[in-house]
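Source file: coords_22.txt; contents: compact mmCIF, C-alpha atoms and all ligand atoms.
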```txt
# COMPACT_ATOMS: atom_id res chain seq x y z
CA MET A 1112 0.00 0.00 0.00
CA ASN A 1113 0.89 3.66 -0.33
CA THR A 1114 3.38 4.58 2.41
CA GLN A 1115 1.80 8.02 2.76
CA LEU A 1116 -1.56 6.44 3.58
CA SER A 1117 0.07 4.04 6.00
CA GLN A 1118 1.76 7.00 7.70
CA ALA A 1119 -1.47 9.00 7.76
CA ILE A 1120 -3.25 6.14 9.56
CA GLN A 1121 -0.45 5.76 12.09
CA ASN A 1122 -0.48 9.51 12.72
CA LYS A 1123 -4.13 9.21 13.66
CA ARG A 1124 -3.50 6.71 16.46
CA ASP A 1125 -4.51 9.10 19.25
CA ASP A 1126 -7.54 10.20 17.27
CA LEU A 1127 -8.54 6.56 16.78
CA ILE A 1128 -8.24 5.87 20.51
CA ALA A 1129 -10.25 8.95 21.48
CA LEU A 1130 -12.91 8.18 18.86
CA THR A 1131 -13.29 4.59 20.12
CA GLN A 1132 -13.53 5.79 23.72
CA ASP A 1133 -16.15 8.39 22.81
CA LEU A 1134 -18.25 5.78 21.04
CA ILE A 1135 -18.04 3.35 23.98
CA ARG A 1136 -19.11 6.13 26.35
CA ILE A 1137 -22.43 6.52 24.52
CA PRO A 1138 -24.43 3.67 26.08
CA THR A 1139 -26.44 2.44 23.11
CA LEU A 1140 -27.94 -0.53 24.92
CA ASN A 1141 -30.26 -2.77 22.96
CA PRO A 1142 -32.73 -3.71 24.19
CA PRO A 1143 -34.31 -1.29 24.73
CA GLY A 1144 -32.34 0.86 22.23
CA THR A 1145 -31.00 3.84 24.15
CA ASP A 1146 -29.04 6.81 22.80
CA TYR A 1147 -29.28 5.97 19.09
CA ARG A 1148 -29.97 9.66 18.45
CA GLY A 1149 -26.95 10.62 20.55
CA ILE A 1150 -24.51 8.37 18.71
CA CYS A 1151 -25.90 9.47 15.32
CA GLU A 1152 -25.44 13.13 16.26
CA TYR A 1153 -21.89 12.41 17.40
CA LEU A 1154 -21.06 10.67 14.11
CA ASP A 1155 -22.89 13.36 12.14
CA LYS A 1156 -20.72 16.09 13.63
CA ARG A 1157 -17.53 14.12 13.14
CA LEU A 1158 -18.18 13.14 9.55
CA ARG A 1159 -19.50 16.52 8.43
CA THR A 1160 -16.23 18.01 9.64
CA HIS A 1161 -14.59 15.73 7.06
CA ASP A 1162 -16.94 16.90 4.28
CA PHE A 1163 -19.31 13.93 4.32
CA GLU A 1164 -22.93 14.61 3.47
CA THR A 1165 -25.04 13.01 6.16
CA GLU A 1166 -28.58 11.82 6.62
CA LEU A 1167 -30.17 10.85 9.92
CA ILE A 1168 -32.96 8.40 9.32
CA ARG A 1169 -35.44 7.15 11.89
CA ALA A 1170 -36.82 3.67 11.21
CA THR A 1171 -40.31 4.68 12.24
CA GLY A 1172 -42.68 1.87 13.08
CA THR A 1173 -40.09 -0.90 13.19
CA PRO A 1174 -40.02 -3.30 16.19
CA GLY A 1175 -39.07 -1.40 19.34
CA ASP A 1176 -39.31 2.06 17.73
CA SER A 1177 -41.11 4.56 19.99
CA ASP A 1178 -40.77 8.20 20.93
CA LYS A 1179 -38.91 7.03 24.03
CA TYR A 1180 -36.63 4.67 22.09
CA PRO A 1181 -36.51 5.92 18.50
CA ARG A 1182 -34.50 3.82 16.02
CA TRP A 1183 -32.10 6.40 14.53
CA ASN A 1184 -29.57 5.57 11.85
CA ILE A 1185 -26.95 7.63 10.04
CA ILE A 1186 -25.63 7.34 6.52
CA ALA A 1187 -22.73 9.57 5.52
CA ARG A 1188 -21.49 9.84 1.94
CA ARG A 1189 -18.48 11.60 0.50
CA THR A 1190 -18.38 11.73 -3.26
CA GLY A 1191 -15.06 11.86 -5.08
CA LYS A 1192 -13.89 14.07 -7.93
CA VAL A 1193 -14.88 11.69 -10.73
CA ALA A 1194 -17.42 8.93 -11.18
CA GLY A 1195 -16.67 5.46 -9.84
CA ASP A 1196 -17.79 2.77 -7.44
CA CYS A 1197 -19.19 3.42 -3.98
CA VAL A 1198 -17.60 1.58 -1.06
CA HIS A 1199 -19.84 1.38 2.00
CA PHE A 1200 -18.71 0.60 5.56
CA ASN A 1201 -21.65 -0.49 7.69
CA SER A 1202 -21.43 -0.75 11.47
CA HIS A 1203 -24.16 -1.33 13.98
CA THR A 1204 -24.17 1.13 16.85
CA ASP A 1205 -26.09 -0.99 19.37
CA VAL A 1206 -24.51 -3.06 22.12
CA VAL A 1207 -25.93 -5.88 24.21
CA GLU A 1208 -26.63 -5.73 27.94
CA VAL A 1209 -23.64 -5.45 30.25
CA GLY A 1210 -24.09 -8.61 32.34
CA ALA A 1211 -22.12 -9.50 35.44
CA GLY A 1212 -18.40 -10.07 35.95
CA TRP A 1213 -16.86 -6.77 34.84
CA THR A 1214 -13.67 -5.44 36.39
CA PHE A 1215 -13.71 -2.34 34.12
CA ASP A 1216 -16.42 0.29 33.79
CA PRO A 1217 -18.45 -1.04 30.83
CA PHE A 1218 -19.02 2.51 29.52
CA GLY A 1219 -15.71 4.00 30.61
CA GLY A 1220 -13.46 3.26 27.63
CA ASP A 1221 -10.53 2.55 29.95
CA ILE A 1222 -7.15 1.71 28.44
CA ALA A 1223 -4.86 -1.01 29.79
CA ASP A 1224 -2.03 -2.90 28.05
CA GLY A 1225 -2.81 -1.57 24.58
CA ARG A 1226 -6.49 -2.45 24.83
CA ILE A 1227 -9.61 -0.32 25.16
CA TYR A 1228 -12.26 -1.87 27.41
CA GLY A 1229 -16.00 -1.48 27.33
CA ARG A 1230 -19.29 -2.94 26.18
CA GLY A 1231 -19.21 -2.80 22.40
CA ALA A 1232 -15.43 -2.26 22.24
CA CYS A 1233 -14.99 -5.17 19.84
CA ASP A 1234 -18.65 -5.63 18.81
CA MET A 1235 -18.36 -3.24 17.11
CA LYS A 1236 -17.46 0.31 18.02
CA GLY A 1237 -13.77 -0.46 17.49
CA GLY A 1238 -14.54 -1.59 13.94
CA LEU A 1239 -16.63 1.52 13.31
CA ALA A 1240 -13.80 3.75 14.57
CA ALA A 1241 -11.22 1.90 12.43
CA SER A 1242 -13.34 2.37 9.29
CA ILE A 1243 -13.78 6.11 9.98
CA ILE A 1244 -10.03 6.59 10.48
CA ALA A 1245 -9.29 4.54 7.34
CA ALA A 1246 -11.70 6.66 5.28
CA GLU A 1247 -10.47 9.98 6.65
CA ALA A 1248 -6.81 9.05 6.11
CA PHE A 1249 -7.58 7.83 2.58
CA ILE A 1250 -9.40 11.09 1.68
CA GLU A 1251 -6.51 13.15 3.09
CA THR A 1252 -3.94 11.14 1.12
CA HIS A 1253 -5.90 10.86 -2.13
CA PRO A 1254 -8.22 13.88 -2.38
CA ASP A 1255 -8.83 13.18 -6.07
CA TYR A 1256 -10.25 9.72 -5.61
CA ALA A 1257 -13.03 8.39 -7.84
CA GLY A 1258 -16.46 7.20 -6.79
CA ALA A 1259 -17.77 7.56 -3.26
CA ILE A 1260 -17.24 6.41 0.31
CA GLU A 1261 -20.16 5.78 2.61
CA ILE A 1262 -20.14 5.14 6.33
CA SER A 1263 -23.27 4.09 8.15
CA GLY A 1264 -24.08 3.63 11.83
CA THR A 1265 -27.21 1.53 12.16
CA ALA A 1266 -29.55 0.41 14.91
CA ASP A 1267 -30.75 -2.92 16.25
CA GLU A 1268 -28.33 -5.43 14.69
CA GLU A 1269 -28.31 -7.33 17.97
CA THR A 1270 -32.07 -7.80 17.75
CA GLY A 1271 -32.34 -8.64 14.07
CA GLY A 1272 -31.55 -5.35 12.31
CA TYR A 1273 -35.17 -4.49 11.46
CA GLY A 1274 -34.83 -0.91 12.74
CA GLY A 1275 -31.44 -0.58 11.06
CA VAL A 1276 -30.05 -2.17 7.91
CA ALA A 1277 -33.31 -3.96 6.98
CA TYR A 1278 -35.18 -0.65 7.05
CA LEU A 1279 -32.50 1.19 5.09
CA ALA A 1280 -32.35 -1.62 2.52
CA GLU A 1281 -36.13 -1.34 2.08
CA GLN A 1282 -35.68 2.39 1.46
CA GLY A 1283 -33.17 1.65 -1.31
CA TYR A 1284 -29.96 2.64 0.46
CA PHE A 1285 -28.31 -0.68 -0.41
CA ASN A 1286 -29.47 -0.77 -3.99
CA PRO A 1287 -26.58 -2.06 -6.19
CA SER A 1288 -26.98 0.99 -8.43
CA ARG A 1289 -26.10 3.20 -5.45
CA VAL A 1290 -23.58 1.07 -3.53
CA GLN A 1291 -21.20 -1.44 -5.14
CA HIS A 1292 -19.05 -2.81 -2.27
CA VAL A 1293 -20.01 -3.34 1.36
CA ILE A 1294 -17.62 -4.03 4.23
CA ILE A 1295 -19.13 -4.69 7.65
CA PRO A 1296 -16.40 -4.23 10.30
CA GLU A 1297 -17.69 -6.92 12.69
CA PRO A 1298 -14.99 -8.44 14.94
CA LEU A 1299 -13.87 -11.36 12.82
CA ASN A 1300 -10.13 -10.78 13.39
CA LYS A 1301 -7.91 -8.57 11.26
CA ASP A 1302 -6.65 -11.36 8.98
CA ARG A 1303 -9.95 -13.08 8.24
CA ILE A 1304 -12.66 -12.39 5.68
CA CYS A 1305 -16.15 -13.44 6.65
CA LEU A 1306 -18.15 -14.45 3.58
CA GLY A 1307 -21.53 -14.90 5.21
CA HIS A 1308 -23.53 -16.72 7.83
CA ARG A 1309 -25.84 -19.66 8.54
CA GLY A 1310 -29.60 -19.35 8.59
CA GLY A 1311 -31.83 -19.42 11.65
CA TRP A 1312 -35.36 -20.51 12.46
CA TRP A 1313 -36.99 -19.75 15.80
CA ALA A 1314 -40.22 -21.31 16.93
CA GLU A 1315 -42.29 -22.00 20.02
CA ILE A 1316 -43.82 -25.45 20.44
CA GLU A 1317 -46.63 -25.99 22.89
CA THR A 1318 -47.99 -29.37 23.90
CA LYS A 1319 -51.51 -29.49 25.28
CA GLY A 1320 -52.94 -31.45 28.21
CA GLU A 1321 -55.84 -31.31 30.60
CA ILE A 1322 -55.77 -29.96 34.12
CA ALA A 1323 -56.79 -32.28 36.98
CA HIS A 1324 -55.90 -32.97 40.59
CA GLY A 1325 -52.31 -34.12 40.97
CA ALA A 1326 -53.43 -37.02 43.15
CA MET A 1327 -55.50 -38.35 40.27
CA PRO A 1328 -53.36 -37.66 37.21
CA PHE A 1329 -55.28 -40.30 35.25
CA LEU A 1330 -58.24 -37.88 35.24
CA GLY A 1331 -56.18 -35.30 33.37
CA ASP A 1332 -53.53 -35.32 30.69
CA CYS A 1333 -49.98 -34.21 31.43
CA ALA A 1334 -48.64 -31.73 28.86
CA VAL A 1335 -45.11 -32.08 30.29
CA ARG A 1336 -45.08 -35.82 29.51
CA HIS A 1337 -46.18 -35.02 25.97
CA MET A 1338 -43.29 -32.56 25.73
CA GLY A 1339 -41.02 -35.32 27.04
CA ALA A 1340 -42.07 -37.37 24.04
CA VAL A 1341 -41.23 -34.45 21.74
CA LEU A 1342 -37.77 -34.11 23.27
CA GLN A 1343 -37.24 -37.87 22.91
CA GLU A 1344 -38.06 -37.62 19.20
CA PHE A 1345 -35.53 -34.82 18.90
CA GLU A 1346 -32.89 -36.91 20.69
CA ASP A 1347 -33.59 -40.06 18.68
CA LYS A 1348 -34.09 -38.56 15.23
CA LEU A 1349 -33.49 -34.82 14.83
CA PHE A 1350 -30.15 -34.34 16.58
CA PRO A 1351 -28.46 -37.32 14.86
CA ALA A 1352 -29.82 -36.18 11.48
CA MET A 1353 -28.51 -32.64 11.99
CA ALA A 1354 -25.11 -33.85 13.18
CA ALA A 1355 -24.68 -35.79 9.92
CA ARG A 1356 -25.03 -32.66 7.77
CA TYR A 1357 -21.90 -30.68 7.00
CA THR A 1358 -21.69 -27.46 5.10
CA ASP A 1359 -19.17 -26.32 2.54
CA MET A 1360 -19.38 -22.87 4.14
CA PRO A 1361 -16.16 -22.20 6.09
CA VAL A 1362 -18.07 -21.69 9.36
CA VAL A 1363 -16.05 -21.15 12.52
CA PRO A 1364 -15.86 -22.61 15.07
CA GLU A 1365 -15.73 -26.08 13.52
CA GLY A 1366 -18.71 -27.35 15.58
CA ALA A 1367 -20.96 -24.91 13.72
CA ARG A 1368 -20.24 -26.53 10.33
CA GLN A 1369 -23.15 -28.80 11.15
CA SER A 1370 -26.80 -28.00 11.51
CA THR A 1371 -27.51 -27.21 15.15
CA MET A 1372 -30.43 -26.59 17.44
CA ASN A 1373 -30.65 -25.12 20.90
CA ILE A 1374 -33.67 -25.46 23.16
CA ASN A 1375 -33.74 -21.97 24.62
CA SER A 1376 -36.36 -22.52 27.29
CA ILE A 1377 -38.92 -24.92 28.64
CA HIS A 1378 -41.89 -24.25 30.81
CA GLY A 1379 -44.89 -26.28 31.87
CA GLY A 1380 -47.46 -26.17 34.65
CA GLU A 1381 -47.67 -23.69 37.48
CA PRO A 1382 -45.62 -20.50 37.03
CA GLU A 1383 -42.29 -20.31 38.81
CA PRO A 1384 -42.81 -18.89 42.32
CA GLU A 1385 -41.55 -15.39 43.01
CA GLU A 1386 -38.17 -15.19 44.64
CA GLY A 1387 -38.53 -15.40 48.42
CA PHE A 1388 -41.92 -17.11 48.26
CA THR A 1389 -41.83 -19.97 50.77
CA GLY A 1390 -45.21 -21.57 50.11
CA LEU A 1391 -45.76 -24.95 48.47
CA GLN A 1392 -47.06 -25.72 44.99
CA ALA A 1393 -50.65 -26.70 44.41
CA HIS A 1394 -51.14 -30.17 42.96
CA CYS A 1395 -52.22 -29.89 39.37
CA VAL A 1396 -51.68 -31.79 36.17
CA PRO A 1397 -50.19 -29.26 33.72
CA ASP A 1398 -52.37 -28.53 30.73
CA SER A 1399 -49.65 -26.75 28.75
CA CYS A 1400 -45.92 -27.08 28.22
CA ARG A 1401 -43.88 -24.78 25.96
CA ILE A 1402 -40.38 -24.80 24.56
CA VAL A 1403 -38.61 -22.28 22.33
CA ILE A 1404 -36.22 -23.72 19.79
CA ASP A 1405 -33.34 -22.00 18.01
CA ARG A 1406 -32.52 -23.96 14.87
CA ARG A 1407 -29.46 -22.84 12.88
CA PHE A 1408 -29.25 -24.20 9.37
CA LEU A 1409 -26.83 -24.47 6.48
CA ILE A 1410 -26.82 -22.95 3.04
CA GLU A 1411 -27.36 -26.48 1.70
CA GLU A 1412 -30.71 -26.70 3.55
CA THR A 1413 -33.89 -24.76 2.79
CA LEU A 1414 -36.12 -23.08 5.33
CA ASP A 1415 -39.00 -25.31 4.20
CA GLN A 1416 -36.95 -28.46 4.86
CA VAL A 1417 -36.00 -27.19 8.30
CA ARG A 1418 -39.60 -26.38 9.18
CA ASP A 1419 -40.99 -29.60 7.69
CA GLU A 1420 -38.47 -31.74 9.56
CA VAL A 1421 -39.69 -30.49 12.94
CA THR A 1422 -43.39 -30.43 12.09
CA GLY A 1423 -43.04 -33.90 10.57
CA LEU A 1424 -41.84 -35.29 13.90
CA LEU A 1425 -44.67 -33.53 15.73
CA GLU A 1426 -47.27 -34.83 13.25
CA GLY A 1427 -45.78 -38.29 13.67
CA LEU A 1428 -46.45 -38.09 17.39
CA ARG A 1429 -49.98 -36.87 16.77
CA ALA A 1430 -50.58 -39.99 14.68
CA THR A 1431 -49.07 -42.44 17.16
CA ARG A 1432 -49.32 -41.04 20.68
CA ALA A 1433 -52.68 -41.01 22.47
CA ASN A 1434 -54.15 -37.52 23.04
CA PHE A 1435 -51.07 -35.78 21.66
CA ASP A 1436 -51.76 -32.28 20.42
CA PHE A 1437 -49.43 -29.40 19.71
CA GLU A 1438 -49.24 -25.88 18.40
CA LEU A 1439 -46.20 -24.52 16.64
CA THR A 1440 -45.72 -20.75 16.44
CA GLU A 1441 -42.96 -19.44 14.27
CA ARG A 1442 -41.12 -16.53 15.90
CA ASN A 1443 -38.61 -15.48 13.26
CA SER A 1444 -36.42 -16.79 10.48
CA VAL A 1445 -33.28 -15.72 8.67
CA LEU A 1446 -31.93 -17.20 5.46
CA PRO A 1447 -28.24 -18.08 5.10
CA SER A 1448 -26.07 -15.75 3.06
CA MET A 1449 -22.71 -16.33 1.44
CA THR A 1450 -20.73 -14.12 -0.89
CA ASP A 1451 -18.74 -15.76 -3.66
CA ARG A 1452 -14.99 -15.92 -3.15
CA ASP A 1453 -14.51 -14.37 -6.57
CA ALA A 1454 -16.62 -11.33 -5.70
CA PRO A 1455 -14.71 -8.04 -6.16
CA VAL A 1456 -14.88 -6.98 -2.51
CA VAL A 1457 -13.55 -10.37 -1.38
CA GLN A 1458 -10.68 -10.27 -3.87
CA THR A 1459 -9.86 -6.68 -2.99
CA VAL A 1460 -9.80 -7.14 0.78
CA ALA A 1461 -7.85 -10.40 0.38
CA GLY A 1462 -5.23 -8.49 -1.61
CA ALA A 1463 -5.18 -5.73 1.01
CA ILE A 1464 -4.61 -8.23 3.84
CA GLU A 1465 -1.68 -9.70 1.89
CA LYS A 1466 -0.21 -6.24 1.34
CA VAL A 1467 -0.58 -5.10 4.94
CA MET A 1468 0.03 -8.33 6.83
CA GLY A 1469 2.14 -10.26 4.39
CA LYS A 1470 -0.05 -13.34 4.44
CA ALA A 1471 -3.08 -14.78 2.74
CA PRO A 1472 -6.38 -14.26 4.57
CA GLU A 1473 -8.40 -16.98 6.17
CA TYR A 1474 -11.95 -17.24 4.82
CA VAL A 1475 -14.64 -17.84 7.40
CA ALA A 1476 -18.41 -17.78 7.81
CA SER A 1477 -20.30 -16.87 10.95
CA PRO A 1478 -22.34 -19.37 13.00
CA GLY A 1479 -24.87 -16.64 13.87
CA SER A 1480 -26.22 -14.07 11.49
CA TYR A 1481 -25.50 -10.38 11.13
CA ASP A 1482 -26.76 -7.59 8.88
CA GLN A 1483 -25.37 -9.12 5.65
CA LYS A 1484 -28.67 -11.00 5.32
CA HIS A 1485 -30.62 -7.77 4.75
CA ILE A 1486 -28.07 -6.32 2.34
CA ASP A 1487 -28.22 -9.59 0.39
CA ARG A 1488 -31.98 -10.39 0.49
CA ILE A 1489 -33.63 -6.97 0.68
CA GLY A 1490 -30.91 -4.86 -0.93
CA THR A 1491 -30.07 -7.59 -3.49
CA LEU A 1492 -26.47 -6.54 -3.07
CA LYS A 1493 -24.26 -9.64 -3.13
CA ASN A 1494 -20.85 -7.98 -3.02
CA CYS A 1495 -20.65 -7.82 0.77
CA ILE A 1496 -18.37 -9.18 3.49
CA ALA A 1497 -17.64 -8.77 7.17
CA TYR A 1498 -14.11 -7.66 7.87
CA GLY A 1499 -12.92 -5.92 11.02
CA PRO A 1500 -10.68 -5.94 14.07
CA GLY A 1501 -11.39 -7.77 17.30
CA VAL A 1502 -11.73 -11.24 18.69
CA LEU A 1503 -15.19 -12.66 18.01
CA GLU A 1504 -15.16 -14.75 21.19
CA LEU A 1505 -15.01 -11.54 23.30
CA ALA A 1506 -18.29 -10.25 21.93
CA HIS A 1507 -21.06 -10.03 24.54
CA LYS A 1508 -18.64 -11.13 27.32
CA PRO A 1509 -17.59 -9.22 30.48
CA ASP A 1510 -14.43 -7.09 30.11
CA GLU A 1511 -14.88 -6.91 26.33
CA TRP A 1512 -11.92 -5.15 24.70
CA ILE A 1513 -10.42 -4.10 21.39
CA GLY A 1514 -6.69 -4.05 20.69
CA ILE A 1515 -5.38 -0.67 19.54
CA ASP A 1516 -2.77 -2.23 17.23
CA ASP A 1517 -5.44 -4.50 15.77
CA MET A 1518 -7.58 -1.47 14.95
CA ILE A 1519 -4.60 0.22 13.28
CA ASP A 1520 -3.82 -2.90 11.23
CA SER A 1521 -7.36 -3.33 10.05
CA ALA A 1522 -7.66 0.39 9.26
CA MET A 1523 -4.58 -0.16 7.04
CA VAL A 1524 -6.34 -3.04 5.29
CA MET A 1525 -9.48 -0.93 4.80
CA GLY A 1526 -7.35 1.94 3.49
CA ALA A 1527 -5.51 -0.36 1.07
CA ALA A 1528 -8.88 -1.72 -0.11
CA LEU A 1529 -10.08 1.84 -0.79
CA GLU A 1530 -6.91 2.47 -2.82
CA SER A 1531 -7.63 -0.60 -4.97
CA LEU A 1532 -11.28 0.25 -5.49
CA LEU A 1533 -11.31 4.03 -5.79
CA LEU A 1534 -8.06 5.12 -7.41
CA LYS A 1535 -8.12 5.30 -11.18
CA GLY A 1536 -5.00 4.88 -13.24
ZN ZN B 1 -21.87 -7.18 16.05
```
Written as structure tokens, that's how I'd like the structure from this file.
Amino acid sequence: MNTQLSQAIQNKRDDLIALTQDLIRIPTLNPPGTDYRGICEYLDKRLRTHDFETELIRATGTPGDSDKYPRWNIIARRTGKVAGDCVHFNSHTDVVEVGAGWTFDPFGGDIADGRIYGRGACDMKGGLAASIIAAEAFIETHPDYAGAIEISGTADEETGGYGGVAYLAEQGYFNPSRVQHVIIPEPLNKDRICLGHRGGWWAEIETKGEIAHGAMPFLGDCAVRHMGAVLQEFEDKLFPAMAARYTDMPVVPEGARQSTMNINSIHGGEPEPEEGFTGLQAHCVPDSCRIVIDRRFLIEETLDQVRDEVTGLLEGLRATRANFDFELTERNSVLPSMTDRDAPVVQTVAGAIEKVMGKAPEYVASPGSYDQKHIDRIGTLKNCIAYGPGVLELAHKPDEWIGIDDMIDSAMVMGAALESLLLKG
């Protein structure tokens, strides 16, 4: 890469640190979705200073949007001197709940041993900061670049992205005629390119029974025993079938190359007593038992197959087990997404990693989904990857951190990618 650009990025080290700290100190917790307006205004001010044109867009009416918790997003665009491609860096601004076990202030942005600590440090305010520094250094070094650079800060990725990228994609912001290359700086490590993610299907299953006195269970029908039969079917048939399916997607960690399913919760019968309640339970046969399943599937499977596999087992029980009845309520679904290795953005960032780090990148795919799904399915923009600094395993954990050197290195890669895509001649 250009040594001037490399120098410009290194000169911005203090700026990068301060920017990351500022972003961490805006507590954009989701749920419920606090301070989206605040972080958008912060980014608006910053990017307008660097001659970006900005738009603040509220995703009115999307899940969770209210006057108390409005879903604000920002898109900033800086157009070059001549026509060319648009490179878009998309970061989500929301962070998950803090949780227990912190030794640092989760919204303090404290620095220790070359790391900045805080909720969202790696997922993904560090990536957002790195992309801003990369873009600003690139513009400074190559003021006559072609095309355009966009930077977005979007809401609600942690809860599905409906008030963020999905909304913007519906409004045409990710139309391939407007944006040609998308880099999402999620924390996938600075030498890895993430091509996409698995799909997901979430559903609640309820088994039905009949209430009766617990001393005479034969007068009722126990919904928990019916659910036991469901779980046994899963153990005997579904889990072994899923474990036998492997994907060609380079999903990490290795265990997620298979189809998987988690049972998120189970509840049947009397509600759990309040904490501190010392009374005894009444004796009743439960007339309802519910589980919530989280089924992650592969690009080689279809959503219909996934759905039919589970309902098939439940229908099988209805045909063979006395008095078995169930209700299945779908909660949400996400289709898998994977960008081709030959896609221009993949090739470009791969080349940039080689230039900056002197080695070939590792190609990975994510076990869980992120906003690429909306850019792909709603925006119909296929030329999209996740690439950014940070250790994925730290996301959502206590004492989350981002390495300052890692941010610098990935800003170099982003800068080198901009050179390849936006410099003519
Ligand atoms: Zn994230």
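Using all atoms listed in the file for every distance, the candidate list A:Leu1140, A:Ala1170, A:Val1206, A:Val1417 yields A:Val1206 as the residue closest to ligand ZN 1 (chain B).
Comparing the minimum interatomic distances between ligand ZN 1 (chain B) and each of A:Arg1289, A:His1308, A:Arg1401, A:His1203, counting only C-alpha atoms and all ligand atoms, we find that A:His1203 sits nearest.
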Residues of chain A at most 6 Å from ligand ZN 1 (chain B): nearest atom pair and distance in Å, all atoms listed in the file, as a Markdown table:
```
| residue | atom | partner | partner_atom | distance |
| --- | --- | --- | --- | --- |
| A:Asp1234 | CA | B:ZN1 | ZN | 4.5 |
| A:Met1235 | CA | B:ZN1 | ZN | 5.4 |
| A:Glu1297 | CA | B:ZN1 | ZN | 5.4 |
```
Only C-alpha atoms, please: the residues just picked out, written as an mmCIF file, in the coordinates of the input.
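This went into part-v4.cif:
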```cif
data_model
loop_
_atom_site.group_PDB
_atom_site.id
_atom_site.type_symbol
_atom_site.label_atom_id
_atom_site.label_comp_id
_atom_site.auth_asym_id
_atom_site.auth_seq_id
_atom_site.Cartn_x
_atom_site.Cartn_y
_atom_site.Cartn_z
ATOM 1 C CA ASP A 1234 -18.650 -5.630 18.810
ATOM 2 C CA MET A 1235 -18.360 -3.240 17.110
ATOM 3 C CA GLU A 1297 -17.690 -6.920 12.690
#
```
Shell around segment 1252-1264 of chain A at 6 Å using only C-alpha atoms, local window under 3 positions removed, as a PDB file with C-alpha atoms, in the coordinates of the input:
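Final output, result00.pdb:
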```
ATOM      1  CA  LEU A1116      -1.560   6.440   3.580  1.00  0.00           C
ATOM      2  CA  ASN A1184     -29.570   5.570  11.850  1.00  0.00           C
ATOM      3  CA  ILE A1185     -26.950   7.630  10.040  1.00  0.00           C
ATOM      4  CA  ILE A1186     -25.630   7.340   6.520  1.00  0.00           C
ATOM      5  CA  ALA A1187     -22.730   9.570   5.520  1.00  0.00           C
ATOM      6  CA  ARG A1188     -21.490   9.840   1.940  1.00  0.00           C
ATOM      7  CA  ARG A1189     -18.480  11.600   0.500  1.00  0.00           C
ATOM      8  CA  THR A1190     -18.380  11.730  -3.260  1.00  0.00           C
ATOM      9  CA  GLY A1191     -15.060  11.860  -5.080  1.00  0.00           C
ATOM     10  CA  LYS A1192     -13.890  14.070  -7.930  1.00  0.00           C
ATOM     11  CA  VAL A1193     -14.880  11.690 -10.730  1.00  0.00           C
ATOM     12  CA  ALA A1194     -17.420   8.930 -11.180  1.00  0.00           C
ATOM     13  CA  GLY A1195     -16.670   5.460  -9.840  1.00  0.00           C
ATOM     14  CA  ASP A1196     -17.790   2.770  -7.440  1.00  0.00           C
ATOM     15  CA  CYS A1197     -19.190   3.420  -3.980  1.00  0.00           C
ATOM     16  CA  VAL A1198     -17.600   1.580  -1.060  1.00  0.00           C
ATOM     17  CA  HIS A1199     -19.840   1.380   2.000  1.00  0.00           C
ATOM     18  CA  PHE A1200     -18.710   0.600   5.560  1.00  0.00           C
ATOM     19  CA  ASN A1201     -21.650  -0.490   7.690  1.00  0.00           C
ATOM     20  CA  SER A1202     -21.430  -0.750  11.470  1.00  0.00           C
ATOM     21  CA  HIS A1203     -24.160  -1.330  13.980  1.00  0.00           C
ATOM     22  CA  THR A1204     -24.170   1.130  16.850  1.00  0.00           C
ATOM     23  CA  PHE A1249      -7.580   7.830   2.580  1.00  0.00           C
ATOM     24  CA  LEU A1533     -11.310   4.030  -5.790  1.00  0.00           C
ATOM     25  CA  LEU A1534      -8.060   5.120  -7.410  1.00  0.00           C
TER      26      LEU A1534
END
```
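Atom pair atom CA of Glu1346 of chain A / atom CA of Leu1330 of chain A has a distance of 29.2 Å (rounded to one decimal).
The closest residue to Arg1418 of chain A, picked from A:Glu1315, A:Glu1344, A:Glu1269, A:Asp1221 and counting only C-alpha atoms, is A:Glu1315.
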